[in-house]
Amino acid sequence: MLQEIRERAQGWVAWAIIILISIPFAFWGIDSYFGGGAEPVVASVNGTEITERAFNRNVNRTRVQLRDRLGNAYDPALFGDARIREEVLERMIRETLLLENSEAMGLRVSDQAVRAAILGEPAFQRDGAFSNAQYEQVLRRQGLTPAAYEESLRRQLLMTQLPRAIRETAFVTDALAERSLSLVRQQRVLAYMPVPSTAFEERVQAPSDEVVAAYYDEHPEQFATPEQVRVAYLLLDATTLSAPDQAIAEATLREQYELRLDEFTAPQERRVRHILLTVPADADQATRAATRERLQAIQEHLRDGESFAEVAAEVSEDPGSADSGGALGWISRGSLDPAFEQAVFALEPKTLSDPVRSRFGYHLVEVLDVRGGEPQPFESVKEDLIADLRGGGSEGIYFEQAEQLATLTYESPDSLVPAAETLELEIQESDWIDRSGGEGLFAHPKVIGAAFSEEVLARGNNSELLEPDPDKLQALVLRVADHREPSVRPLAEVRDDIVALLEAQRAAEAAQAEAEAIAERIRAGQDLAEAAEDFEAIETGRVSRTTSELPPEVVQLAFSLPRPDADTERRIGSTSAEDGGDAFVVVVSEVIDGDPAQLDEAELEAEASVLERALASADIDAVLAAMRARAEIEREPVVSDEPF
Amino acid sequence: MAELTTDDETVEAIKKWWKENGTAVIAGLVIGLVVVFGWRAWINHQEQVGQRASLAFEQLLMAANRGQHDAAVKQTEALIDAHAKTPYAALAELTLAKVRIAQDDLDGAAEALRSAVERAPNPGLAKLAAFRLARVLIANEAFEDALAVIERHDDGGAFSADFAGLRGDIALAQGETADARAAYEAALAGGAGLSRLIELKLQDLPAANDRSS
């Protein structure tokens with residue numbers, strides 16, 4: 001058999017095999033042998049797969065967007081993870097469907113359109129114009145090559161092409177816009193009559209015990225109280241950590257003062273005058289000695305009482321100061337020749353120095369005046385020290401204590417007492433709260449979530465450290481102090497409520513029956529005033545749909561009654577009395593359509609464009625529904641991953 | 001095949017094999033390459049044609065949106081001439097219909113939409129074009145034609161509620177208020193577009209029975 005294979009291997013079979021193997025290479029490259037197939041798929045649309053990886057990426061992006069939009073209000077527990085996943089998957093299926101159909105149909109995106117989209121993208125622009133460097137930089141930051149980016153952009157554009165074509169070709173005929181406006185602007189002339197249920201309250205019978213009991217049995221949900229907890233908690237709050245009236249020891253302040261003495265000390269400055277005899281940098285020993293001696297001679301003259309200013313003007317070789325009597329003005333450290341500076345700041349004020357050597361030559365210096373250098377006295381900075389200690393200190397103390405609080409409550413999970421004693425915090429108790437939250441701190445979803453968590457509620461442990469508002473330095477640890485299972489309040493407790501409720505119901509029913517009776521009499525031909533008996537009819541004149549002057553249920557009924565016609569000149573209806581309010585009798589005597597002739601072009605155009613947009617989006621939905629009906633869509637049920 | 005004992009014999013055997021099969025191998029290779037490259041060239045050509053049509057359509061849309069009606073009409077003709085086999089022919093007809101409406105030419109719009117229905121590259125788009133066609137026909141009071149279009153394209157699936165709304169309009173125009181009411185109610189129940197307008201139309205109908213008169 002091996003022999004046979006060897007023979008065949010050199011014949012046409014081998015070639016056939018080689019050609020077969022090479023075809024996929026020619027079309028799809030080496031990728032078709034590796035990768036693909038192994039990745040988990042969450043849905044497929046006509047064979048196009050939505051991978052779990054792409055799906056999860058989209059879910060995460062949606063969460064981030066939600067969080068950005070909602071800020072602190074965002075709570076993963078409130079935005080059901082399953083709901084987000086479901087919505088994202090639906091959106092991806094919709095997009096895939098659109099893309100798949102567009103491709104199958106033969107829609108394409110031209111290179112010009114791709115280029116225009118890139119040129120128009122603000123992220124790629126610098127100073128309002130497209131910049132190639134910027135383009136490449138942005139892509140590199142996202143780890144994309146231009147080819148990959150352009151490909152994905154092309155898909156994006158392809159996906160939007162068909163919906164855009166449908167939207168932009170939607171039209172509304174003038175007749176349709178006119179009809180719509182004439183209906184929207186329709187006015188009706190009516191009269192209405194309130195029949196208040198309060199008028200019947202006295203007349204209704206009190207419900208019997210059996211009726212009350214039956215109501216109680218039939219509506220247990222109305223008397224249910226939800227599951228509730230009362231929590232004990234330790235609250236750490238940076239704003240109350242060091243109370244404002246708490247004294248800070250004088251010693252502490254002194255210590256701080258000494259530590260920060262430099263901050264309170266302005267740098268010393270000295271007013272100086274000098275006489276300079278220059279020495280060239282390359283001068284020899286003898287020249288220097290000679291210059292020094294000359295200066296010593298001048299020093300003698302000055303000691304003998306000659307005027308410094310005059311001598312300076314005469315002999316000083318410093319062109320900047322000679323004319324002003326050698327005055328250099330106020331100088332501080334760091335601005336002059338180091339040797340000179342050292343001499344200046346070592347000199348007693350009002351004394352003349354010996355010759356001082358600097359890189360310019362030899363100087364005689366006199367310090368005229370000194371200022372600064374003394375620290376501000378303790379008393380004048382004391383207030384600042386106190387303020388700084390409180391502000392800067394409390395934040396540090398907060399974080400330190402918060403950490404301690406977390407550790408202590410974790411180490412003894414069945415009690416808050418150790419932590420309370422160590423940190424000198426008071427154990428506080430909340431009111432009863434249910435899952436919909438309570439007051440203040442307990443309105444926050446994180447806190448509610450912790451109070452009702454398995455760990456805290458079922459196991460009776462301390463919660464972890466909770467920081468409800470990230471903008472505040474506030475932390476708490478709570479544990480359940482008391483727990484109420486959901487229950488139904490006993491009949492005796494709610495009896496009065498039920499009686500009141502049933503009486504209101506009966507009164508409303510009576511009002512409604514009366515309204516209908518009045519309506520019936522009007523239909524039979526009585527006029528309004530006669531039929532109304534005790535109640536008052538109100539004539540409104542013309543009323544439009546959007547009026548806010550009449551009760552909404554009157555307007556609603558008035559505009560849903562049929563048009564009066566030749567046979568029946570009036571249309572009459574009655575409403576029910578909602579929530580123990582009023583029942584109404586409504587009589588429509590005339591319908592006046594909005595007159596398109598009275599509308600100007602602008603109004604018609606605005607109406608047309610509103611209708612056009614509504615039509616366009618309905619058209620897009622319907623086309624997608626048609627695609628969907630013909631597509632083969634397989635999808636996994638959405639499984640929630642761990643909320644984060 | 002006998003055992004090949006020497007190199008010479010091996011070479012000889014290969015040469016012999018090549019003499020017998022060489023032409024076939026080369027022919028096979030050539031055919032293979034021609035098929036592969038030809039296929040790629042064909043795909044490439046298709047892509048180019050598609051892109052040209054796509055560009056022409058974008059330009060047409062732009063002209064239509066700017067209200068350049070004459071230019072849009074000419075561009076539609078040119079696009080259909082050059083790219084009748086692409087899906088853009090149907091989209092161009094949809095655009096032309098909008099231009100015709102803007103020109104108050106209901107007949108022209110109907111003609112363009114009829115053509116769009118026929119050229120539609122996808123059943124969903126065919127229904128869309130039919131829905132728009134029926135609306136134009138109703139506006140033109142060609143109720144029988146409109147009903148015929150609706151009958152042909154309403155298969156109970158997508159657009160069915162929208163078609164029901166149009167049936168209501170036709171019935172109302174013909175004075176059949178009971179039929180109009182039923183049709184509008186069906187349209188609302190099926191989730192037709194412009195549901196608010198349909199609601200208003202429904203409320204505006206004369207009484208179906210005299211219970212509230």
# chains A, B, ... in the order shown; residues from 1 in each chain; ligands from 1

call {"tool": "residues_around", "arguments": {"residues": "stretch 598-610 of chain A", "least_positions_apart": "5", "cutoff": "10 Å", "atoms": "only C-alpha atoms", "output": "ChimeraX atom specification"}}
result
/A:170-178,180-182,615-616

call {"tool": "residues_around", "arguments": {"residues": "B:Gln75", "least_positions_apart": "6", "cutoff": "9 Å", "atoms": "only C-alpha atoms", "output": "list in words"}}
result
Ala56, Phe57, Gln59, Leu60, Ala63 and Ala92 of chain B

call {"tool": "residues_around", "arguments": {"residues": "A:Thr169", "least_positions_apart": "6", "cutoff": "8 Å", "atoms": "only C-alpha atoms", "output": "list of chain:residue names"}}
result
B:Leu94, B:Thr95, B:Ala97, B:Lys98

call {"tool": "write_last_selection", "arguments": {"atoms": "N, CA, C and O atoms", "output": "CSV table (one decimal), in the first residue's frame"}}
result
chain,number,residue,atom,x,y,z
B,94,LEU,N,-35.5,57.1,-6.1
B,94,LEU,CA,-36.1,57.6,-4.9
B,94,LEU,C,-35.8,59.1,-4.7
B,94,LEU,O,-36.6,59.9,-4.3
B,95,THR,N,-34.5,59.5,-5.1
B,95,THR,CA,-34.2,60.9,-5.0
B,95,THR,C,-34.9,61.7,-6.0
B,95,THR,O,-35.4,62.8,-5.7
B,97,ALA,N,-37.8,61.1,-7.2
B,97,ALA,CA,-39.2,61.3,-6.7
B,97,ALA,C,-39.3,62.5,-5.8
B,97,ALA,O,-40.2,63.3,-5.9
B,98,LYS,N,-38.4,62.6,-4.9
B,98,LYS,CA,-38.4,63.8,-4.0
B,98,LYS,C,-38.3,65.1,-4.8
B,98,LYS,O,-39.0,66.1,-4.4

call {"tool": "closest_atom_pairs", "arguments": {"of": "chain B", "to": "chain A", "cutoff": "8 Å", "atoms": "only C-alpha atoms", "output": "CSV"}}
result
residue,atom,partner,partner_atom,distance
B:Met1,CA,A:Glu7,CA,7.4
B:Val25,CA,A:Trp15,CA,7.8
B:Gly32,CA,A:Ile19,CA,7.9
B:Val36,CA,A:Ala26,CA,7.1
B:Glu47,CA,A:Arg108,CA,7.3
B:Gly50,CA,A:Arg108,CA,5.5
B:Gln51,CA,A:Ser110,CA,4.4
B:Arg52,CA,A:Ser110,CA,6.7
B:Ser54,CA,A:Arg108,CA,5.9
B:Leu55,CA,A:Ser110,CA,5.8
B:Leu61,CA,A:Glu168,CA,7.6
B:Asn65,CA,A:Glu168,CA,7.8
B:Thr86,CA,A:Gly106,CA,6.6
B:Pro87,CA,A:Gly106,CA,6.3
B:Tyr88,CA,A:Leu107,CA,7.5
B:Leu91,CA,A:Ala165,CA,7.0
B:Leu94,CA,A:Thr169,CA,6.0
B:Thr95,CA,A:Thr169,CA,5.1
B:Ala97,CA,A:Thr169,CA,7.8
B:Lys98,CA,A:Phe171,CA,5.7
B:Ile101,CA,A:Thr173,CA,6.7
B:Pro121,CA,A:Met105,CA,5.9
B:Asn122,CA,A:Met105,CA,6.9
B:Pro123,CA,A:Ala626,CA,7.3
B:Gly124,CA,A:Val623,CA,4.8
B:Leu125,CA,A:Val623,CA,6.3
B:Lys127,CA,A:Val623,CA,7.9
B:Leu128,CA,A:Val623,CA,6.8
B:Val136,CA,A:Thr173,CA,7.8
B:Ala139,CA,A:Ala175,CA,6.9
B:Gly157,CA,A:Ala626,CA,7.1
B:Ala158,CA,A:Ala626,CA,5.1
B:Phe159,CA,A:Ala622,CA,5.7
B:Ala192,CA,A:Ala618,CA,7.5
B:Gly193,CA,A:Ala618,CA,4.9
B:Leu194,CA,A:Ala614,CA,6.2
B:Leu197,CA,A:Ser180,CA,6.5
B:Leu200,CA,A:Leu183,CA,6.6
B:Lys201,CA,A:Leu183,CA,7.4
B:Gln203,CA,A:Ser560,CA,4.9
B:Asp204,CA,A:Pro562,CA,6.3
B:Leu205,CA,A:Pro562,CA,6.1
B:Pro206,CA,A:Pro562,CA,4.8
B:Ala207,CA,A:Pro562,CA,4.9
B:Ser212,CA,A:Gly573,CA,6.0
B:Ser213,CA,A:Arg571,CA,4.8

call {"tool": "residues_around", "arguments": {"residues": "stretch 161-171 of chain B", "least_positions_apart": "6", "cutoff": "8 Å", "atoms": "only C-alpha atoms", "output": "PDB file with C-alpha atoms, in the first residue's frame"}}
result
ATOM      1  CA  PHE B 131     -45.310  52.822   0.157  1.00  0.00           C
ATOM      2  CA  ALA B 134     -49.044  54.716  -2.932  1.00  0.00           C
ATOM      3  CA  ARG B 135     -48.819  57.987  -1.015  1.00  0.00           C
ATOM      4  CA  ILE B 138     -53.404  59.014  -3.114  1.00  0.00           C
ATOM      5  CA  PHE B 143     -57.206  55.674  -5.417  1.00  0.00           C
ATOM      6  CA  LEU B 147     -54.982  50.245  -3.759  1.00  0.00           C
ATOM      7  CA  ILE B 150     -50.804  48.344  -1.766  1.00  0.00           C
ATOM      8  CA  ASP B 154     -48.562  44.330   1.490  1.00  0.00           C
ATOM      9  CA  THR B 177     -65.865  56.039   7.380  1.00  0.00           C
ATOM     10  CA  ASP B 179     -63.636  51.142   6.812  1.00  0.00           C
ATOM     11  CA  ALA B 180     -61.406  54.133   7.466  1.00  0.00           C
ATOM     12  CA  ARG B 181     -61.823  53.694  11.217  1.00  0.00           C
ATOM     13  CA  ALA B 182     -60.960  50.001  11.041  1.00  0.00           C
ATOM     14  CA  ALA B 183     -57.936  50.693   8.863  1.00  0.00           C
ATOM     15  CA  TYR B 184     -56.639  53.499  11.096  1.00  0.00           C
ATOM     16  CA  ALA B 186     -55.170  48.559  12.496  1.00  0.00           C
ATOM     17  CA  ALA B 187     -52.424  51.018  11.537  1.00  0.00           C
ATOM     18  CA  LEU B 188     -52.100  52.257  15.112  1.00  0.00           C
ATOM     19  CA  ALA B 189     -52.118  48.751  16.516  1.00  0.00           C
ATOM     20  CA  GLY B 190     -49.392  47.718  14.063  1.00  0.00           C
ATOM     21  CA  GLY B 191     -47.167  50.663  14.964  1.00  0.00           C
ATOM     22  CA  ALA B 192     -47.351  52.733  11.793  1.00  0.00           C
ATOM     23  CA  GLY B 193     -45.135  55.785  11.377  1.00  0.00           C
ATOM     24  CA  ILE B 198     -53.252  58.830  12.355  1.00  0.00           C
TER      25      ILE B 198
END

call {"tool": "atom_distance", "arguments": {"atom1": "atom CA of A:Phe345", "atom2": "atom CA of A:Ser307"}}
result
22.9 Å

call {"tool": "select_by_dssp", "arguments": {"residues": "stretch 225-446 of chain A", "states": "strand (DSSP E or B)", "output": "PyMOL selection string"}}
result
chain A and resi 225+228-237+265+269-278+327-332+352+356-357+361-371+375+428-429+433-434

call {"tool": "residues_around", "arguments": {"residues": "stretch 255-270 of chain A", "least_positions_apart": "3", "cutoff": "12 Å", "atoms": "only C-alpha atoms", "output": "number ranges by chain"}}
result
A: 248-252, 273, 327-335, 341-350, 365-386, 388-389

call {"tool": "residues_around", "arguments": {"residues": "B:Ala109", "least_positions_apart": "3", "cutoff": "10 Å", "atoms": "only C-alpha atoms", "output": "MDAnalysis selection string"}}
result
chainID B and resid 93:106 112:115 132:133 136:137

call {"tool": "select_by_dssp", "arguments": {"residues": "stretch 114-186 of chain B", "states": "helix (DSSP H, G or I)", "output": "PyMOL selection string"}}
result
chain B and resi 114-119+123-139+143-153+160-173+177-186

call {"tool": "atom_distance", "arguments": {"atom1": "atom CA of A:Ile633", "atom2": "atom CA of B:Ser160"}}
result
21.8 Å

call {"tool": "closest_residue", "arguments": {"among": "A:Gly460, A:Gly143, A:Gly437, A:Pro596", "to": "A:Asp482", "atoms": "only C-alpha atoms"}}
result
A:Gly460

call {"tool": "atom_distance", "arguments": {"atom1": "atom CA of A:Ile538", "atom2": "atom CA of A:Val189"}}
result
11.4 Å

call {"tool": "residues_around", "arguments": {"residues": "A:Phe360", "least_positions_apart": "5", "cutoff": "10 Å", "atoms": "only C-alpha atoms", "output": "VMD selection string"}}
result
chain A and resid 276 to 281 317 to 318 337 340

call {"tool": "write_last_selection", "arguments": {"atoms": "C-alpha atoms", "output": "compact mmCIF listing (two decimals), in the first residue's frame"}}
result
# COMPACT_ATOMS: atom_id res chain seq x y z
CA LEU A 276 36.57 100.00 43.28
CA LEU A 277 40.09 99.89 42.02
CA THR A 278 40.19 97.47 39.12
CA VAL A 279 42.86 94.86 38.59
CA PRO A 280 43.10 93.11 35.22
CA ALA A 281 42.38 89.42 35.46
CA GLU A 317 36.90 102.79 38.84
CA ASP A 318 33.35 101.46 38.84
CA ASP A 337 30.24 88.55 43.13
CA PHE A 340 32.14 90.77 47.57
